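Q: Data file model19.cif (mmCIF, N, CA and C atoms) is appended below.
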```
data_query
loop_
_atom_site.label_atom_id
_atom_site.label_comp_id
_atom_site.auth_asym_id
_atom_site.auth_seq_id
_atom_site.Cartn_x
_atom_site.Cartn_y
_atom_site.Cartn_z
N MET R 9 2.42 24.70 -41.55
CA MET R 9 1.82 23.43 -41.16
C MET R 9 1.05 23.65 -39.86
N GLN R 10 -0.10 23.09 -39.77
CA GLN R 10 -0.92 23.25 -38.57
C GLN R 10 -0.34 22.44 -37.43
N ASP R 11 -0.40 23.04 -36.22
CA ASP R 11 0.09 22.32 -35.05
C ASP R 11 -0.68 21.03 -34.83
N SER R 12 -1.97 21.02 -35.13
CA SER R 12 -2.77 19.81 -34.91
C SER R 12 -2.33 18.67 -35.82
N LEU R 13 -1.77 19.01 -36.99
CA LEU R 13 -1.31 17.97 -37.89
C LEU R 13 0.01 17.36 -37.43
N ILE R 14 0.83 18.16 -36.74
CA ILE R 14 2.14 17.68 -36.31
C ILE R 14 1.98 16.45 -35.42
N ALA R 15 0.99 16.45 -34.55
CA ALA R 15 0.79 15.36 -33.61
C ALA R 15 -0.27 14.38 -34.10
N MET R 16 -0.42 14.23 -35.39
CA MET R 16 -1.46 13.37 -35.94
C MET R 16 -1.25 11.91 -35.54
N ASP R 17 -2.35 11.27 -35.26
CA ASP R 17 -2.36 9.85 -34.91
C ASP R 17 -1.80 9.05 -36.09
N PRO R 18 -0.83 8.18 -35.84
CA PRO R 18 -0.24 7.39 -36.94
C PRO R 18 -1.27 6.58 -37.73
N ALA R 19 -2.27 6.05 -37.06
CA ALA R 19 -3.30 5.27 -37.76
C ALA R 19 -4.12 6.17 -38.69
N ALA R 20 -4.42 7.37 -38.24
CA ALA R 20 -5.18 8.31 -39.08
C ALA R 20 -4.34 8.71 -40.29
N LEU R 21 -3.07 8.94 -40.08
CA LEU R 21 -2.18 9.30 -41.19
C LEU R 21 -2.08 8.15 -42.19
N ARG R 22 -1.96 6.94 -41.69
CA ARG R 22 -1.89 5.76 -42.55
C ARG R 22 -3.18 5.62 -43.37
N ASN R 23 -4.33 5.87 -42.74
CA ASN R 23 -5.61 5.79 -43.45
C ASN R 23 -5.70 6.84 -44.55
N ARG R 24 -5.21 8.04 -44.26
CA ARG R 24 -5.21 9.08 -45.28
C ARG R 24 -4.34 8.67 -46.46
N LEU R 25 -3.18 8.09 -46.18
CA LEU R 25 -2.29 7.65 -47.24
C LEU R 25 -2.92 6.52 -48.06
N LEU R 26 -3.55 5.58 -47.40
CA LEU R 26 -4.21 4.48 -48.11
C LEU R 26 -5.33 4.98 -49.01
N MET R 27 -6.11 5.91 -48.52
CA MET R 27 -7.22 6.44 -49.31
C MET R 27 -6.68 7.19 -50.54
N ALA R 28 -5.66 8.03 -50.33
CA ALA R 28 -5.09 8.78 -51.44
C ALA R 28 -4.44 7.85 -52.46
N THR R 29 -3.75 6.82 -51.98
CA THR R 29 -3.11 5.86 -52.87
C THR R 29 -4.14 5.13 -53.72
N SER R 30 -5.22 4.71 -53.11
CA SER R 30 -6.30 4.04 -53.86
C SER R 30 -6.88 4.95 -54.92
N MET R 31 -7.09 6.21 -54.56
CA MET R 31 -7.65 7.16 -55.53
C MET R 31 -6.68 7.38 -56.69
N TRP R 32 -5.38 7.47 -56.39
CA TRP R 32 -4.37 7.64 -57.43
C TRP R 32 -4.42 6.46 -58.40
N ARG R 33 -4.42 5.26 -57.85
CA ARG R 33 -4.38 4.05 -58.68
C ARG R 33 -5.63 3.89 -59.53
N GLU R 34 -6.76 4.36 -59.03
CA GLU R 34 -8.00 4.31 -59.81
C GLU R 34 -7.99 5.33 -60.94
N ALA R 35 -7.26 6.44 -60.73
CA ALA R 35 -7.30 7.55 -61.68
C ALA R 35 -6.26 7.46 -62.79
N THR R 36 -5.17 6.73 -62.56
CA THR R 36 -4.08 6.73 -63.54
C THR R 36 -3.30 5.43 -63.49
N ASP R 37 -2.63 5.16 -64.59
CA ASP R 37 -1.72 4.02 -64.65
C ASP R 37 -0.29 4.43 -64.30
N GLU R 38 -0.10 5.73 -64.07
CA GLU R 38 1.22 6.25 -63.71
C GLU R 38 1.64 5.68 -62.35
N PRO R 39 2.94 5.47 -62.18
CA PRO R 39 3.40 5.00 -60.86
C PRO R 39 3.17 6.09 -59.80
N LEU R 40 3.13 5.66 -58.57
CA LEU R 40 2.99 6.62 -57.48
C LEU R 40 4.18 7.58 -57.53
N PRO R 41 3.92 8.86 -57.27
CA PRO R 41 5.02 9.83 -57.32
C PRO R 41 5.99 9.62 -56.17
N ARG R 42 7.25 9.95 -56.43
CA ARG R 42 8.26 9.91 -55.37
C ARG R 42 8.09 11.14 -54.51
N MET R 43 8.16 10.93 -53.22
CA MET R 43 8.01 12.03 -52.28
C MET R 43 9.39 12.44 -51.76
N PRO R 44 9.68 13.73 -51.80
CA PRO R 44 10.96 14.17 -51.23
C PRO R 44 10.95 13.98 -49.72
N PRO R 45 12.11 13.84 -49.13
CA PRO R 45 12.16 13.67 -47.67
C PRO R 45 11.47 14.85 -46.98
N ALA R 46 10.65 14.53 -46.02
CA ALA R 46 9.91 15.55 -45.27
C ALA R 46 9.23 14.88 -44.10
N ASP R 47 8.59 15.69 -43.30
CA ASP R 47 7.75 15.18 -42.24
C ASP R 47 6.65 14.31 -42.86
N PRO R 48 6.33 13.16 -42.29
CA PRO R 48 5.31 12.29 -42.88
C PRO R 48 3.97 12.98 -43.11
N VAL R 49 3.57 13.85 -42.22
CA VAL R 49 2.30 14.56 -42.40
C VAL R 49 2.37 15.45 -43.64
N GLU R 50 3.48 16.14 -43.81
CA GLU R 50 3.66 16.99 -44.99
C GLU R 50 3.68 16.14 -46.26
N GLN R 51 4.33 15.00 -46.21
CA GLN R 51 4.38 14.12 -47.39
C GLN R 51 2.98 13.67 -47.79
N VAL R 52 2.19 13.25 -46.83
CA VAL R 52 0.83 12.78 -47.14
C VAL R 52 0.00 13.93 -47.68
N GLU R 53 0.11 15.10 -47.07
CA GLU R 53 -0.65 16.25 -47.53
C GLU R 53 -0.28 16.62 -48.96
N ARG R 54 1.01 16.63 -49.28
CA ARG R 54 1.44 16.93 -50.65
C ARG R 54 0.90 15.90 -51.64
N PHE R 55 0.95 14.64 -51.23
CA PHE R 55 0.43 13.58 -52.10
C PHE R 55 -1.07 13.73 -52.30
N GLU R 56 -1.79 14.02 -51.24
CA GLU R 56 -3.24 14.23 -51.37
C GLU R 56 -3.54 15.37 -52.34
N LEU R 57 -2.77 16.45 -52.25
CA LEU R 57 -2.97 17.57 -53.17
C LEU R 57 -2.70 17.15 -54.61
N GLN R 58 -1.68 16.31 -54.82
CA GLN R 58 -1.41 15.79 -56.17
C GLN R 58 -2.58 14.95 -56.67
N VAL R 59 -3.14 14.13 -55.80
CA VAL R 59 -4.27 13.29 -56.18
C VAL R 59 -5.47 14.17 -56.56
N VAL R 60 -5.75 15.16 -55.74
CA VAL R 60 -6.87 16.05 -56.00
C VAL R 60 -6.68 16.75 -57.35
N GLU R 61 -5.48 17.26 -57.61
CA GLU R 61 -5.22 17.93 -58.88
C GLU R 61 -5.38 16.95 -60.05
N LEU R 62 -4.88 15.73 -59.90
CA LEU R 62 -5.03 14.72 -60.94
C LEU R 62 -6.50 14.47 -61.26
N LEU R 63 -7.30 14.34 -60.22
CA LEU R 63 -8.74 14.08 -60.42
C LEU R 63 -9.43 15.28 -61.07
N PHE R 64 -9.11 16.48 -60.61
CA PHE R 64 -9.73 17.67 -61.19
C PHE R 64 -9.35 17.82 -62.66
N GLU R 65 -8.07 17.59 -62.98
CA GLU R 65 -7.62 17.73 -64.36
C GLU R 65 -8.28 16.72 -65.29
N GLY R 66 -8.57 15.55 -64.78
CA GLY R 66 -9.16 14.51 -65.62
C GLY R 66 -10.68 14.54 -65.67
N ALA R 67 -11.30 15.45 -64.94
CA ALA R 67 -12.76 15.50 -64.88
C ALA R 67 -13.35 15.99 -66.20
N THR R 68 -14.49 15.42 -66.54
CA THR R 68 -15.25 15.83 -67.71
C THR R 68 -16.66 16.19 -67.24
N ALA R 69 -17.46 16.69 -68.16
CA ALA R 69 -18.85 17.01 -67.80
C ALA R 69 -19.56 15.76 -67.28
N GLN R 70 -19.22 14.61 -67.81
CA GLN R 70 -19.87 13.38 -67.40
C GLN R 70 -19.35 12.83 -66.07
N THR R 71 -18.12 13.15 -65.71
CA THR R 71 -17.53 12.59 -64.48
C THR R 71 -17.41 13.60 -63.34
N ALA R 72 -17.79 14.84 -63.57
CA ALA R 72 -17.57 15.90 -62.58
C ALA R 72 -18.24 15.59 -61.24
N ARG R 73 -19.44 15.08 -61.27
CA ARG R 73 -20.12 14.77 -59.99
C ARG R 73 -19.41 13.66 -59.23
N ARG R 74 -18.94 12.65 -59.94
CA ARG R 74 -18.23 11.56 -59.28
C ARG R 74 -16.91 12.06 -58.69
N VAL R 75 -16.20 12.89 -59.43
CA VAL R 75 -14.95 13.46 -58.93
C VAL R 75 -15.22 14.33 -57.70
N ALA R 76 -16.29 15.09 -57.73
CA ALA R 76 -16.65 15.91 -56.57
C ALA R 76 -16.92 15.03 -55.36
N ASP R 77 -17.65 13.95 -55.56
CA ASP R 77 -17.93 13.03 -54.45
C ASP R 77 -16.64 12.39 -53.92
N GLN R 78 -15.79 11.95 -54.82
CA GLN R 78 -14.53 11.31 -54.41
C GLN R 78 -13.66 12.27 -53.59
N THR R 79 -13.50 13.48 -54.11
CA THR R 79 -12.63 14.42 -53.41
C THR R 79 -13.24 14.87 -52.09
N TRP R 80 -14.57 14.97 -52.04
CA TRP R 80 -15.21 15.34 -50.77
C TRP R 80 -15.03 14.22 -49.75
N ASP R 81 -15.13 12.98 -50.19
CA ASP R 81 -14.90 11.85 -49.27
C ASP R 81 -13.53 11.92 -48.63
N LEU R 82 -12.56 12.44 -49.35
CA LEU R 82 -11.20 12.56 -48.84
C LEU R 82 -11.10 13.57 -47.70
N VAL R 83 -11.93 14.63 -47.73
CA VAL R 83 -11.72 15.75 -46.80
C VAL R 83 -12.91 16.13 -45.95
N HIS R 84 -14.03 15.47 -46.08
CA HIS R 84 -15.27 15.93 -45.44
C HIS R 84 -15.17 16.10 -43.92
N ASP R 85 -14.31 15.34 -43.28
CA ASP R 85 -14.23 15.40 -41.81
C ASP R 85 -13.08 16.26 -41.30
N ARG R 86 -12.49 17.05 -42.18
CA ARG R 86 -11.35 17.89 -41.80
C ARG R 86 -11.79 19.31 -41.50
N ALA R 87 -10.94 20.00 -40.77
CA ALA R 87 -11.19 21.40 -40.44
C ALA R 87 -11.21 22.24 -41.71
N SER R 88 -11.94 23.33 -41.69
CA SER R 88 -12.03 24.19 -42.86
C SER R 88 -10.69 24.84 -43.19
N THR R 89 -9.75 24.82 -42.27
CA THR R 89 -8.42 25.39 -42.52
C THR R 89 -7.45 24.39 -43.15
N ASP R 90 -7.84 23.14 -43.26
CA ASP R 90 -6.97 22.12 -43.85
C ASP R 90 -6.69 22.48 -45.31
N PRO R 91 -5.42 22.50 -45.72
CA PRO R 91 -5.07 22.90 -47.10
C PRO R 91 -5.70 22.01 -48.17
N VAL R 92 -5.79 20.73 -47.93
CA VAL R 92 -6.38 19.83 -48.93
C VAL R 92 -7.89 20.11 -49.02
N ARG R 93 -8.53 20.29 -47.89
CA ARG R 93 -9.97 20.60 -47.92
C ARG R 93 -10.21 21.92 -48.64
N ARG R 94 -9.37 22.93 -48.37
CA ARG R 94 -9.56 24.22 -49.05
C ARG R 94 -9.44 24.06 -50.56
N ARG R 95 -8.47 23.26 -51.01
CA ARG R 95 -8.30 23.04 -52.45
C ARG R 95 -9.49 22.31 -53.05
N VAL R 96 -10.01 21.34 -52.32
CA VAL R 96 -11.18 20.60 -52.79
C VAL R 96 -12.38 21.54 -52.93
N VAL R 97 -12.60 22.37 -51.93
CA VAL R 97 -13.73 23.31 -51.99
C VAL R 97 -13.58 24.24 -53.19
N GLU R 98 -12.37 24.76 -53.41
CA GLU R 98 -12.12 25.63 -54.57
C GLU R 98 -12.40 24.88 -55.87
N GLY R 99 -11.92 23.66 -55.96
CA GLY R 99 -12.08 22.88 -57.18
C GLY R 99 -13.51 22.49 -57.47
N HIS R 100 -14.33 22.41 -56.43
CA HIS R 100 -15.73 22.02 -56.64
C HIS R 100 -16.49 23.06 -57.45
N GLU R 101 -16.08 24.31 -57.41
CA GLU R 101 -16.72 25.34 -58.23
C GLU R 101 -16.54 25.01 -59.71
N GLY R 102 -15.32 24.65 -60.08
CA GLY R 102 -15.06 24.27 -61.47
C GLY R 102 -15.79 23.00 -61.86
N LEU R 103 -15.86 22.06 -60.93
CA LEU R 103 -16.58 20.81 -61.22
C LEU R 103 -18.07 21.08 -61.42
N ALA R 104 -18.63 21.99 -60.66
CA ALA R 104 -20.05 22.33 -60.81
C ALA R 104 -20.30 22.93 -62.20
N ARG R 105 -19.38 23.78 -62.67
CA ARG R 105 -19.51 24.35 -64.02
C ARG R 105 -19.42 23.24 -65.08
N LEU R 106 -18.49 22.32 -64.87
CA LEU R 106 -18.36 21.20 -65.81
C LEU R 106 -19.62 20.35 -65.85
N ALA R 107 -20.15 20.04 -64.68
CA ALA R 107 -21.36 19.21 -64.61
C ALA R 107 -22.52 19.90 -65.31
N ALA R 108 -22.61 21.21 -65.16
CA ALA R 108 -23.69 21.97 -65.81
C ALA R 108 -23.57 21.88 -67.34
N GLN R 109 -22.36 21.81 -67.85
CA GLN R 109 -22.15 21.68 -69.29
C GLN R 109 -22.65 20.34 -69.80
N GLY R 110 -22.67 19.36 -68.89
CA GLY R 110 -23.12 18.02 -69.28
C GLY R 110 -24.63 17.89 -69.34
N GLY R 111 -25.34 18.97 -69.07
CA GLY R 111 -26.80 18.94 -69.14
C GLY R 111 -27.45 18.18 -68.01
N GLY R 112 -26.75 18.01 -66.91
CA GLY R 112 -27.34 17.36 -65.74
C GLY R 112 -27.42 15.85 -65.85
N VAL R 113 -26.72 15.28 -66.82
CA VAL R 113 -26.71 13.83 -66.97
C VAL R 113 -25.91 13.23 -65.84
N PRO R 114 -26.48 12.29 -65.06
CA PRO R 114 -25.72 11.70 -63.96
C PRO R 114 -24.54 10.88 -64.44
N ASP R 115 -23.56 10.73 -63.55
CA ASP R 115 -22.35 9.93 -63.86
C ASP R 115 -22.71 8.49 -64.07
#
```
What would you get if you wrote out this structure as structure tokens?
A:
Amino acid sequence: MQDSLIAMDPAALRNRLLMATSMWREATDEPLPRMPPADPVEQVERFELQVVELLFEGATAQTARRVADQTWDLVHDRASTDPVRRRVVEGHEGLARLAAQGGGVPD
């Protein structure tokens, strides 16, 4: 865990949780996952990674660009070392391939 995350501002952490929760609810009818006891920063980070994986798994050639935009909105202002940002960047390669299969048709 990054030292900078340990001392995260409670309001910033709450905003991250709200954004991830909204994305989860838009993507699935499944209930929010139960989080095991942990440091709140770790819990939010794990949840964000679950949300990102859910969005990537559900992406199609037609929705890949929208999923890329959504996931980038989640992490665009984070350090390049942030685990969620790193996963998003990795996943964008697959989304680009999916979008190319769609023949460039916008979402």
Q: Go ahead and compute the interatomic distance for atom CA of Leu21 of chain R and atom CA of Glu34 of chain R, in Å to one decimal.
A: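 It comes out at 20.1 Å.
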Q: Which distance in Å separates atom N of Glu61 of chain R and atom N of Leu40 of chain R, to one decimal?
A: 14.5 Å
Q: So how far away is atom CA of Val97 of chain R from atom N of Asn23 of chain R, in Å?
A: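 We find that atom N of Asn23 of chain R and atom CA of Val97 of chain R lie 21.9 Å from each other.
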Q: Would you please work out which residue, of R:Asp77, R:Val83, R:Gln109, R:Pro39, is nearest to Phe64 of chain R when using only C-alpha atoms?
A: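 Among the listed residues, R:Asp77 lies closest to Phe64 of chain R.
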Q: Any idea what's packed within 6.5 Å of Phe55 of chain R, counting all atoms listed in the file, ignoring anything in its chain fewer than 5 positions away? Could you give it as a list in words?
A: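 The neighbour list is Ala28, Glu50 and Val60 of chain R.
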Q: Can you tell me which residues surround Ala35 of chain R at a distance of at most 8 Å, considering all atoms listed in the file, apart from same-chain residues fewer than 6 positions away, and format the answer as a ChimeraX atom specification?
A: /R:29,62-63
Q: Listed atoms of segment 32-47 of chain R, axis-aligned box, 3 Å per side: centre and edge lengths to one decimal in Å, as AutoDock Vina command-line options?
A:
```
--center_x 2.1 --center_y 9.8 --center_z -53.4 --size_x 26.2 --size_y 17.8 --size_z 28.4
```
Q: Can you translate the PyMOL selection byres (((chain R and resi 99 and name CA) around 12) and name CA) into the concrete residues it hits in this file, as an NGL selection string?
A: :R and (57 or 60-65 or 67 or 72-73 or 75-77 or 79-80 or 92-98 or 100-106)
Q: Could you check which of R:Gly66, R:Ala107, R:Glu38, R:Arg24 is closest to Leu82 of chain R, using all atoms listed in the file?
A: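 Using all atoms listed in the file, Leu82 of chain R sits closest to R:Arg24.
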Q: Please list as a PyMOL selection string every residue within 10 Å of Pro48 of chain R, counting only C-alpha atoms and excluding residues in the same chain fewer than 6 positions away.
A: chain R and resi 14+16+18+21-22+25+54
Q: Measuring between all atoms listed in the file, which one of R:Gly110, R:Ala19, R:Leu26, R:Pro91 shows the shortest distance to Thr71 of chain R?
A: R:Gly110
Q: Tell me which of R:Gln70, R:Ala108, R:Asp37, R:Met27 sits closest to Glu53 of chain R, counting only C-alpha atoms.
A: R:Met27
Q: Of the candidates R:Asp90, R:Asp17, R:Asp47, R:Glu56, which one gets nearest to Ser30 of chain R if we count only C-alpha atoms?
A: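 So, comparing all the options, the nearest one is R:Glu56.
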Q: I need the alpha helix (DSSP H) residues of chain R per DSSP on the backbone, written as a VMD selection string.
A: chain R and resid 11 to 14 18 to 35 48 to 66 72 to 83 91 to 109
